[in-house]
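Some notes on the structure that comes next.
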Amino acid sequence: MSQGQPRRPQPEDQVPITYGDVFQVSGEIANKPITPQDAATMQTAENMVLGKTQKGGPAAIMQSAASVNESRGVVSHYDVTSATGDQGVTVSEAVVAGHHIVTESVGGEVVGQYVGTNTASSPAPLISGGDDQVTIGEALEAAALSAGEKPVDQSDAAAIQAAEVRATGRMQVVPGGVAAKAQAAASQNARTMRDEDKTKLGDVLVDASTLLPRDKAVTREDAEGVIGAEIRNQPELATYPGGVSASMAAAARLNQK
């Protein structure tokens, strides 16, 4: 190529929205495109720590940007930015002079910091350092928030059963437990034509912690086991954004922090 040949500018509809376009970040992440999996991971983390996705917060901004990027064909539904995949996302809450300061980061770069409401009464765990750890039951309940409207299928049931096994240490399904509910829902949904009539993840996982006879903090090994179970039972060999595996993976990353 001739050194004097100018680069042809990309059409606007082929240029991805990057982290630097929507957040005040620097370094390598600034040029990374925002992907649906990145957005789902941040949404799960917000749900775990704050009990809900913040209106106009980083997760909502990322979801909007990721949707545009996917519609432009510059990222796929299952892409993960290296900064998110390697370093993960964090949502932390600290009390400073009586105010709850919420800080959200991607790949070590702060993408949002604001004064939040007092979430101490929220059932979602507050991750602000110390010994607090997200449990498997809490991770499943986070999936009820982030992917609650998804009809339960066999891949969800398999992932939930793997999570229950990790939590309880029992290889068999607990009668009346969360895995049994998920399997029954998946079987019923397979015979149900309309999505609006199917049992949703939120229906099965809303009280997951109370249905587990034993619970434990999520580890990377737990997350990997659940991800494997979901993928093996998914024809596309992929996990659902914001679903059971995504929540477990986000919980494992938060616990490592």
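Going through the structure tokens in order, the chains are called A, B, and so on, while each chain numbers its residues from 1 and the ligands are numbered from 1 in the order shown.
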* Please identify all polymer residues within 9 Å of Asn47 of chain A, counting only C-alpha atoms, omitting same-chain residues fewer than 6 positions from it, and present them as a list in words. =>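 Listing them by chain and then by number gives Thr53, Gln54, Ala124, Ala142, Ala143, Leu145 and Ser146 of chain A.
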* So which bits of segment 10-198 of chain A end up strand (DSSP E) when you DSSP the backbone, as a list in words? ->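 Selection result, strand (DSSP E) within segment 10-198 of chain A: Val89, Thr90, Val91, Ser92, Glu93, Ala94, Val95, Val96, His99, His100, Ile101, Val102, Thr103, Glu104, Ser105, Val106, Glu109, Val110, Val111, Gly112, Gln113, Tyr114, Val115 and Gly116 of chain A.
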Which residues of segment 27-58 of chain A sit at most 9 Å from segment 65-68 of chain A, using only C-alpha atoms? Give each one's shortest atom pair and distance in Å (one decimal place), in chain and ascending residue order, as CSV.
residue,atom,partner,partner_atom,distance
A:Pro33,CA,A:Ala66,CA,8.1
A:Ile34,CA,A:Ala66,CA,5.3
A:Thr35,CA,A:Ala66,CA,4.8
A:Pro36,CA,A:Ala66,CA,5.0
A:Gln37,CA,A:Ala66,CA,8.4
A:Asp38,CA,A:Ala66,CA,8.2
A:Ala39,CA,A:Ala66,CA,6.9
Okay, now the selection with N, CA and C atoms, as a PDB file, in the first residue's frame?
ATOM      1  N   PRO A  33     -15.036  -1.937  22.039  1.00  0.00           N
ATOM      2  CA  PRO A  33     -16.484  -1.835  21.818  1.00  0.00           C
ATOM      3  C   PRO A  33     -17.256  -2.453  22.986  1.00  0.00           C
ATOM      4  N   ILE A  34     -18.396  -1.894  23.287  1.00  0.00           N
ATOM      5  CA  ILE A  34     -19.244  -2.414  24.366  1.00  0.00           C
ATOM      6  C   ILE A  34     -20.088  -3.549  23.796  1.00  0.00           C
ATOM      7  N   THR A  35     -20.038  -4.700  24.426  1.00  0.00           N
ATOM      8  CA  THR A  35     -20.717  -5.891  23.913  1.00  0.00           C
ATOM      9  C   THR A  35     -21.913  -6.258  24.785  1.00  0.00           C
ATOM     10  N   PRO A  36     -22.852  -7.046  24.245  1.00  0.00           N
ATOM     11  CA  PRO A  36     -24.010  -7.486  25.037  1.00  0.00           C
ATOM     12  C   PRO A  36     -23.610  -8.267  26.288  1.00  0.00           C
ATOM     13  N   GLN A  37     -22.569  -9.078  26.193  1.00  0.00           N
ATOM     14  CA  GLN A  37     -22.148  -9.847  27.363  1.00  0.00           C
ATOM     15  C   GLN A  37     -21.555  -8.936  28.433  1.00  0.00           C
ATOM     16  N   ASP A  38     -20.819  -7.900  28.009  1.00  0.00           N
ATOM     17  CA  ASP A  38     -20.309  -6.916  28.968  1.00  0.00           C
ATOM     18  C   ASP A  38     -21.472  -6.272  29.716  1.00  0.00           C
ATOM     19  N   ALA A  39     -22.484  -5.847  28.959  1.00  0.00           N
ATOM     20  CA  ALA A  39     -23.636  -5.180  29.550  1.00  0.00           C
ATOM     21  C   ALA A  39     -24.383  -6.113  30.499  1.00  0.00           C
TER      22      ALA A  39
END
* Write out as a PyMOL selection string the residues lying within 12 Å of Ala249 of chain A, counting only C-alpha atoms and excluding same-chain residues fewer than 6 positions away. => chain A and resi 37-38+40-42+44-45+48+84-89+134-136+139-140+142-143+163+218-228+239-243+255-256
Got time to write the residues from that selection, N, CA and C atoms, as a short mmCIF file (atom, residue, chain, number, x, y, z; two decimals), in the first residue's frame?
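Result file result30.cif:
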data_model
loop_
_atom_site.label_atom_id
_atom_site.label_comp_id
_atom_site.auth_asym_id
_atom_site.auth_seq_id
_atom_site.Cartn_x
_atom_site.Cartn_y
_atom_site.Cartn_z
N GLN A 37 -22.57 -9.08 26.19
CA GLN A 37 -22.15 -9.85 27.36
C GLN A 37 -21.55 -8.94 28.43
N ASP A 38 -20.82 -7.90 28.01
CA ASP A 38 -20.31 -6.92 28.97
C ASP A 38 -21.47 -6.27 29.72
N ALA A 40 -24.53 -7.38 30.10
CA ALA A 40 -25.24 -8.33 30.95
C ALA A 40 -24.48 -8.58 32.25
N THR A 41 -23.15 -8.62 32.16
CA THR A 41 -22.35 -8.82 33.38
C THR A 41 -22.50 -7.65 34.33
N MET A 42 -22.48 -6.42 33.80
CA MET A 42 -22.65 -5.25 34.65
C MET A 42 -24.05 -5.21 35.24
N THR A 44 -25.95 -7.78 35.95
CA THR A 44 -26.00 -8.78 37.01
C THR A 44 -25.31 -8.26 38.28
N ALA A 45 -24.16 -7.62 38.12
CA ALA A 45 -23.44 -7.08 39.27
C ALA A 45 -24.26 -6.01 39.99
N MET A 48 -26.99 -7.70 41.96
CA MET A 48 -26.48 -8.39 43.15
C MET A 48 -26.22 -7.41 44.29
N THR A 84 -13.31 -6.99 30.34
CA THR A 84 -14.37 -7.57 31.15
C THR A 84 -14.08 -9.04 31.44
N GLY A 85 -13.66 -9.77 30.41
CA GLY A 85 -13.40 -11.19 30.58
C GLY A 85 -12.24 -11.47 31.50
N ASP A 86 -11.18 -10.64 31.41
CA ASP A 86 -9.98 -10.89 32.21
C ASP A 86 -10.06 -10.28 33.60
N GLN A 87 -10.52 -9.04 33.70
CA GLN A 87 -10.53 -8.33 34.97
C GLN A 87 -11.92 -8.19 35.57
N GLY A 88 -12.96 -8.38 34.78
CA GLY A 88 -14.31 -8.37 35.28
C GLY A 88 -14.85 -6.98 35.57
N VAL A 89 -16.05 -6.96 36.14
CA VAL A 89 -16.68 -5.72 36.56
C VAL A 89 -16.84 -5.74 38.07
N VAL A 134 -20.80 -13.31 47.95
CA VAL A 134 -22.05 -13.64 47.28
C VAL A 134 -22.20 -15.16 47.27
N THR A 135 -23.34 -15.65 47.73
CA THR A 135 -23.57 -17.09 47.77
C THR A 135 -24.23 -17.56 46.47
N ILE A 136 -24.28 -18.87 46.32
CA ILE A 136 -24.91 -19.44 45.13
C ILE A 136 -26.39 -19.09 45.10
N ALA A 139 -26.71 -15.56 43.95
CA ALA A 139 -26.42 -15.45 42.51
C ALA A 139 -27.63 -15.90 41.69
N LEU A 140 -28.29 -16.97 42.13
CA LEU A 140 -29.49 -17.43 41.42
C LEU A 140 -30.60 -16.39 41.51
N ALA A 142 -30.14 -13.23 41.77
CA ALA A 142 -29.73 -12.13 40.90
C ALA A 142 -30.14 -12.43 39.45
N ALA A 143 -30.04 -13.69 39.05
CA ALA A 143 -30.48 -14.07 37.70
C ALA A 143 -31.98 -13.87 37.54
N ALA A 163 -25.83 -25.72 39.96
CA ALA A 163 -25.63 -24.76 41.05
C ALA A 163 -26.09 -25.36 42.38
N VAL A 218 -19.87 -18.37 46.13
CA VAL A 218 -19.56 -18.81 44.77
C VAL A 218 -18.06 -18.71 44.52
N THR A 219 -17.48 -19.78 43.98
CA THR A 219 -16.08 -19.79 43.58
C THR A 219 -16.00 -19.86 42.06
N ARG A 220 -14.81 -19.66 41.55
CA ARG A 220 -14.62 -19.77 40.10
C ARG A 220 -14.95 -21.17 39.62
N GLU A 221 -14.60 -22.18 40.41
CA GLU A 221 -14.91 -23.57 40.04
C GLU A 221 -16.42 -23.80 39.97
N ASP A 222 -17.16 -23.21 40.92
CA ASP A 222 -18.62 -23.32 40.89
C ASP A 222 -19.16 -22.73 39.60
N ALA A 223 -18.69 -21.52 39.28
CA ALA A 223 -19.17 -20.85 38.07
C ALA A 223 -18.86 -21.65 36.83
N GLU A 224 -17.64 -22.19 36.75
CA GLU A 224 -17.26 -22.98 35.58
C GLU A 224 -18.13 -24.22 35.44
N GLY A 225 -18.46 -24.87 36.57
CA GLY A 225 -19.32 -26.05 36.52
C GLY A 225 -20.71 -25.73 36.02
N VAL A 226 -21.25 -24.61 36.45
CA VAL A 226 -22.59 -24.19 36.03
C VAL A 226 -22.58 -23.78 34.55
N ILE A 227 -21.55 -23.05 34.14
CA ILE A 227 -21.44 -22.65 32.74
C ILE A 227 -21.38 -23.87 31.84
N GLY A 228 -20.59 -24.86 32.23
CA GLY A 228 -20.48 -26.08 31.44
C GLY A 228 -21.81 -26.80 31.30
N THR A 239 -24.10 -19.43 26.57
CA THR A 239 -24.87 -19.09 27.76
C THR A 239 -25.78 -17.91 27.46
N TYR A 240 -26.81 -17.74 28.29
CA TYR A 240 -27.77 -16.66 28.09
C TYR A 240 -27.29 -15.41 28.81
N PRO A 241 -27.23 -14.25 28.13
CA PRO A 241 -26.76 -13.02 28.78
C PRO A 241 -27.61 -12.67 30.00
N GLY A 242 -26.96 -12.47 31.16
CA GLY A 242 -27.67 -12.13 32.37
C GLY A 242 -28.34 -13.30 33.05
N GLY A 243 -28.20 -14.50 32.47
CA GLY A 243 -28.86 -15.68 33.02
C GLY A 243 -28.09 -16.32 34.17
N ASN A 255 -16.54 -12.08 44.28
CA ASN A 255 -15.97 -12.71 45.48
C ASN A 255 -14.44 -12.71 45.44
N GLN A 256 -13.86 -12.86 44.24
CA GLN A 256 -12.41 -12.81 44.12
C GLN A 256 -11.87 -11.44 44.49
#
* How would you write, as a PyMOL selection string, the set of residues in segment 33-111 of chain A that DSSP gives as alpha helix (DSSP H)? -> chain A and resi 36-50+58-72+82-87
Please save N, CA and C atoms of the selected residues as a CSV table (one decimal), in the first residue's frame.
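Output file result_0.csv is given in full below:
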chain,number,residue,atom,x,y,z
A,36,PRO,N,-22.9,-7.0,24.2
A,36,PRO,CA,-24.0,-7.5,25.0
A,36,PRO,C,-23.6,-8.3,26.3
A,37,GLN,N,-22.6,-9.1,26.2
A,37,GLN,CA,-22.1,-9.8,27.4
A,37,GLN,C,-21.6,-8.9,28.4
A,38,ASP,N,-20.8,-7.9,28.0
A,38,ASP,CA,-20.3,-6.9,29.0
A,38,ASP,C,-21.5,-6.3,29.7
A,39,ALA,N,-22.5,-5.8,29.0
A,39,ALA,CA,-23.6,-5.2,29.6
A,39,ALA,C,-24.4,-6.1,30.5
A,40,ALA,N,-24.5,-7.4,30.1
A,40,ALA,CA,-25.2,-8.3,31.0
A,40,ALA,C,-24.5,-8.6,32.3
A,41,THR,N,-23.2,-8.6,32.2
A,41,THR,CA,-22.4,-8.8,33.4
A,41,THR,C,-22.5,-7.7,34.3
A,42,MET,N,-22.5,-6.4,33.8
A,42,MET,CA,-22.7,-5.3,34.7
A,42,MET,C,-24.1,-5.2,35.2
A,43,GLN,N,-25.1,-5.6,34.4
A,43,GLN,CA,-26.4,-5.6,34.9
A,43,GLN,C,-26.6,-6.6,36.1
A,44,THR,N,-26.0,-7.8,36.0
A,44,THR,CA,-26.0,-8.8,37.0
A,44,THR,C,-25.3,-8.3,38.3
A,45,ALA,N,-24.2,-7.6,38.1
A,45,ALA,CA,-23.4,-7.1,39.3
A,45,ALA,C,-24.3,-6.0,40.0
A,46,GLU,N,-24.9,-5.1,39.2
A,46,GLU,CA,-25.8,-4.1,39.8
A,46,GLU,C,-26.9,-4.7,40.6
A,47,ASN,N,-27.5,-5.8,40.0
A,47,ASN,CA,-28.6,-6.4,40.7
A,47,ASN,C,-28.2,-7.1,42.0
A,48,MET,N,-27.0,-7.7,42.0
A,48,MET,CA,-26.5,-8.4,43.2
A,48,MET,C,-26.2,-7.4,44.3
A,49,VAL,N,-25.6,-6.3,44.0
A,49,VAL,CA,-25.1,-5.4,45.0
A,49,VAL,C,-26.2,-4.4,45.4
A,50,LEU,N,-27.0,-3.9,44.4
A,50,LEU,CA,-27.9,-2.8,44.7
A,50,LEU,C,-29.4,-3.3,44.7
A,58,PRO,N,-24.5,2.8,34.7
A,58,PRO,CA,-23.6,2.2,33.8
A,58,PRO,C,-24.2,1.0,33.0
A,59,ALA,N,-24.9,0.1,33.8
A,59,ALA,CA,-25.5,-1.1,33.1
A,59,ALA,C,-26.5,-0.7,32.0
A,60,ALA,N,-27.3,0.3,32.3
A,60,ALA,CA,-28.3,0.8,31.3
A,60,ALA,C,-27.6,1.4,30.1
A,61,ILE,N,-26.6,2.2,30.4
A,61,ILE,CA,-25.9,2.8,29.3
A,61,ILE,C,-25.2,1.8,28.4
A,62,MET,N,-24.6,0.8,29.1
A,62,MET,CA,-23.9,-0.3,28.4
A,62,MET,C,-24.9,-1.1,27.5
A,63,GLN,N,-26.1,-1.3,28.1
A,63,GLN,CA,-27.0,-2.1,27.4
A,63,GLN,C,-27.5,-1.4,26.1
A,64,SER,N,-27.7,-0.1,26.2
A,64,SER,CA,-28.1,0.7,25.0
A,64,SER,C,-27.0,0.7,24.0
A,65,ALA,N,-25.8,0.9,24.4
A,65,ALA,CA,-24.6,0.9,23.4
A,65,ALA,C,-24.4,-0.5,22.8
A,66,ALA,N,-24.6,-1.5,23.6
A,66,ALA,CA,-24.4,-2.9,23.1
A,66,ALA,C,-25.4,-3.2,22.1
A,67,SER,N,-26.7,-2.8,22.3
A,67,SER,CA,-27.8,-3.1,21.4
A,67,SER,C,-27.5,-2.4,20.0
A,68,VAL,N,-27.0,-1.2,20.1
A,68,VAL,CA,-26.6,-0.5,18.8
A,68,VAL,C,-25.5,-1.2,18.1
A,69,ASN,N,-24.5,-1.6,18.9
A,69,ASN,CA,-23.3,-2.3,18.3
A,69,ASN,C,-23.7,-3.6,17.7
A,70,GLU,N,-24.6,-4.4,18.3
A,70,GLU,CA,-25.1,-5.6,17.8
A,70,GLU,C,-25.9,-5.4,16.5
A,71,SER,N,-26.8,-4.4,16.5
A,71,SER,CA,-27.6,-4.1,15.4
A,71,SER,C,-26.7,-3.7,14.2
A,72,ARG,N,-25.6,-3.0,14.5
A,72,ARG,CA,-24.7,-2.6,13.4
A,72,ARG,C,-23.8,-3.8,12.9
A,82,SER,N,-12.1,-8.1,26.3
A,82,SER,CA,-11.0,-8.7,27.1
A,82,SER,C,-10.9,-8.1,28.4
A,83,ALA,N,-11.2,-6.8,28.6
A,83,ALA,CA,-11.1,-6.1,29.9
A,83,ALA,C,-12.1,-6.7,30.9
A,84,THR,N,-13.3,-7.0,30.3
A,84,THR,CA,-14.4,-7.6,31.2
A,84,THR,C,-14.1,-9.0,31.4
A,85,GLY,N,-13.7,-9.8,30.4
A,85,GLY,CA,-13.4,-11.2,30.6
A,85,GLY,C,-12.2,-11.5,31.5
A,86,ASP,N,-11.2,-10.6,31.4
A,86,ASP,CA,-10.0,-10.9,32.2
A,86,ASP,C,-10.1,-10.3,33.6
A,87,GLN,N,-10.5,-9.0,33.7
A,87,GLN,CA,-10.5,-8.3,35.0
A,87,GLN,C,-11.9,-8.2,35.6
* Structure fact -> With distances taken over only C-alpha atoms, the candidate from A:Gly177, A:Pro235, A:Gly148, A:Gly169 nearest Leu201 of chain A is A:Gly148
* **Of the listed residues A:Gly176, A:Gly73, A:Gly137, A:Pro151, that which approaches Ser247 of chain A most closely, counting only C-alpha atoms** =>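 Between A:Gly176, A:Gly73, A:Gly137, A:Pro151, the residue approaching Ser247 of chain A most closely is A:Gly137.
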* Which is closest to Glu236 of chain A among A:Asn31, A:Ser155, A:Gln183, A:Ser105, if we use only C-alpha atoms? -> A:Ser155
* **Given only C-alpha atoms as the counted atoms, nearest of A:Gly57, A:Asp156, A:Thr192, A:Gly202 to Gln113 of chain A** =>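 Ranked by minimum distance to Gln113 of chain A, first place goes to A:Gly57.
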* Using only C-alpha atoms, which of A:Val15, A:Ser245, A:Ala184, A:Glu164 sits nearest Thr210 of chain A? ->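 The closest residue to Thr210 of chain A is A:Glu164.
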* Record the distance separating atom CA of Leu237 of chain A and atom CA of Val91 of chain A, expressed in Å with one decimal. =>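 Taking atom CA of Leu237 of chain A as the start and atom CA of Val91 of chain A as the end point, the length is 28.8 Å.
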* To do: Extract, using only C-alpha atoms, all DNA, RNA and protein residues at most 10 Å from Asn189 of chain A, discarding same-chain residues fewer than 6 positions from it, and format them as a ChimeraX atom specification.
  => /A:151-154,183,195,197-200
Could you please take those selected residues and save N, CA and C atoms as a PDB file, in the first residue's frame?
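Result saved to part.pdb:
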ATOM      1  N   PRO A 151     -38.231 -17.530  29.502  1.00  0.00           N
ATOM      2  CA  PRO A 151     -38.864 -18.822  29.773  1.00  0.00           C
ATOM      3  C   PRO A 151     -37.807 -19.877  30.123  1.00  0.00           C
ATOM      4  N   VAL A 152     -38.085 -20.659  31.121  1.00  0.00           N
ATOM      5  CA  VAL A 152     -37.138 -21.679  31.563  1.00  0.00           C
ATOM      6  C   VAL A 152     -37.055 -22.792  30.515  1.00  0.00           C
ATOM      7  N   ASP A 153     -35.831 -23.133  30.088  1.00  0.00           N
ATOM      8  CA  ASP A 153     -35.652 -24.261  29.188  1.00  0.00           C
ATOM      9  C   ASP A 153     -34.687 -25.260  29.827  1.00  0.00           C
ATOM     10  N   GLN A 154     -34.343 -26.299  29.072  1.00  0.00           N
ATOM     11  CA  GLN A 154     -33.532 -27.369  29.638  1.00  0.00           C
ATOM     12  C   GLN A 154     -32.141 -26.892  30.021  1.00  0.00           C
ATOM     13  N   GLN A 183     -36.634 -27.977  36.741  1.00  0.00           N
ATOM     14  CA  GLN A 183     -36.848 -29.102  35.830  1.00  0.00           C
ATOM     15  C   GLN A 183     -38.315 -29.245  35.472  1.00  0.00           C
ATOM     16  N   ASP A 195     -45.021 -18.167  24.548  1.00  0.00           N
ATOM     17  CA  ASP A 195     -44.039 -17.763  25.551  1.00  0.00           C
ATOM     18  C   ASP A 195     -44.705 -17.122  26.759  1.00  0.00           C
ATOM     19  N   ASP A 197     -47.287 -17.887  28.216  1.00  0.00           N
ATOM     20  CA  ASP A 197     -47.871 -18.898  29.105  1.00  0.00           C
ATOM     21  C   ASP A 197     -46.810 -19.752  29.800  1.00  0.00           C
ATOM     22  N   LYS A 198     -45.541 -19.536  29.455  1.00  0.00           N
ATOM     23  CA  LYS A 198     -44.481 -20.365  30.014  1.00  0.00           C
ATOM     24  C   LYS A 198     -43.998 -19.826  31.365  1.00  0.00           C
ATOM     25  N   THR A 199     -43.469 -20.722  32.185  1.00  0.00           N
ATOM     26  CA  THR A 199     -42.889 -20.336  33.470  1.00  0.00           C
ATOM     27  C   THR A 199     -41.547 -19.663  33.230  1.00  0.00           C
ATOM     28  N   LYS A 200     -41.328 -18.544  33.880  1.00  0.00           N
ATOM     29  CA  LYS A 200     -40.127 -17.742  33.667  1.00  0.00           C
ATOM     30  C   LYS A 200     -39.076 -18.001  34.743  1.00  0.00           C
TER      31      LYS A 200
END
* Selected residue, from A:Gln188, A:Ser76, A:Ser92, A:Gln161, that lies nearest to Leu212 of chain A when counting only C-alpha atoms ->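 Selected residue with least distance to Leu212 of chain A: A:Gln161.
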* By how many Å are atom CA of Lys52 of chain A and atom CA of Lys150 of chain A apart? ->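 Those two atoms sit 16.9 Å apart.
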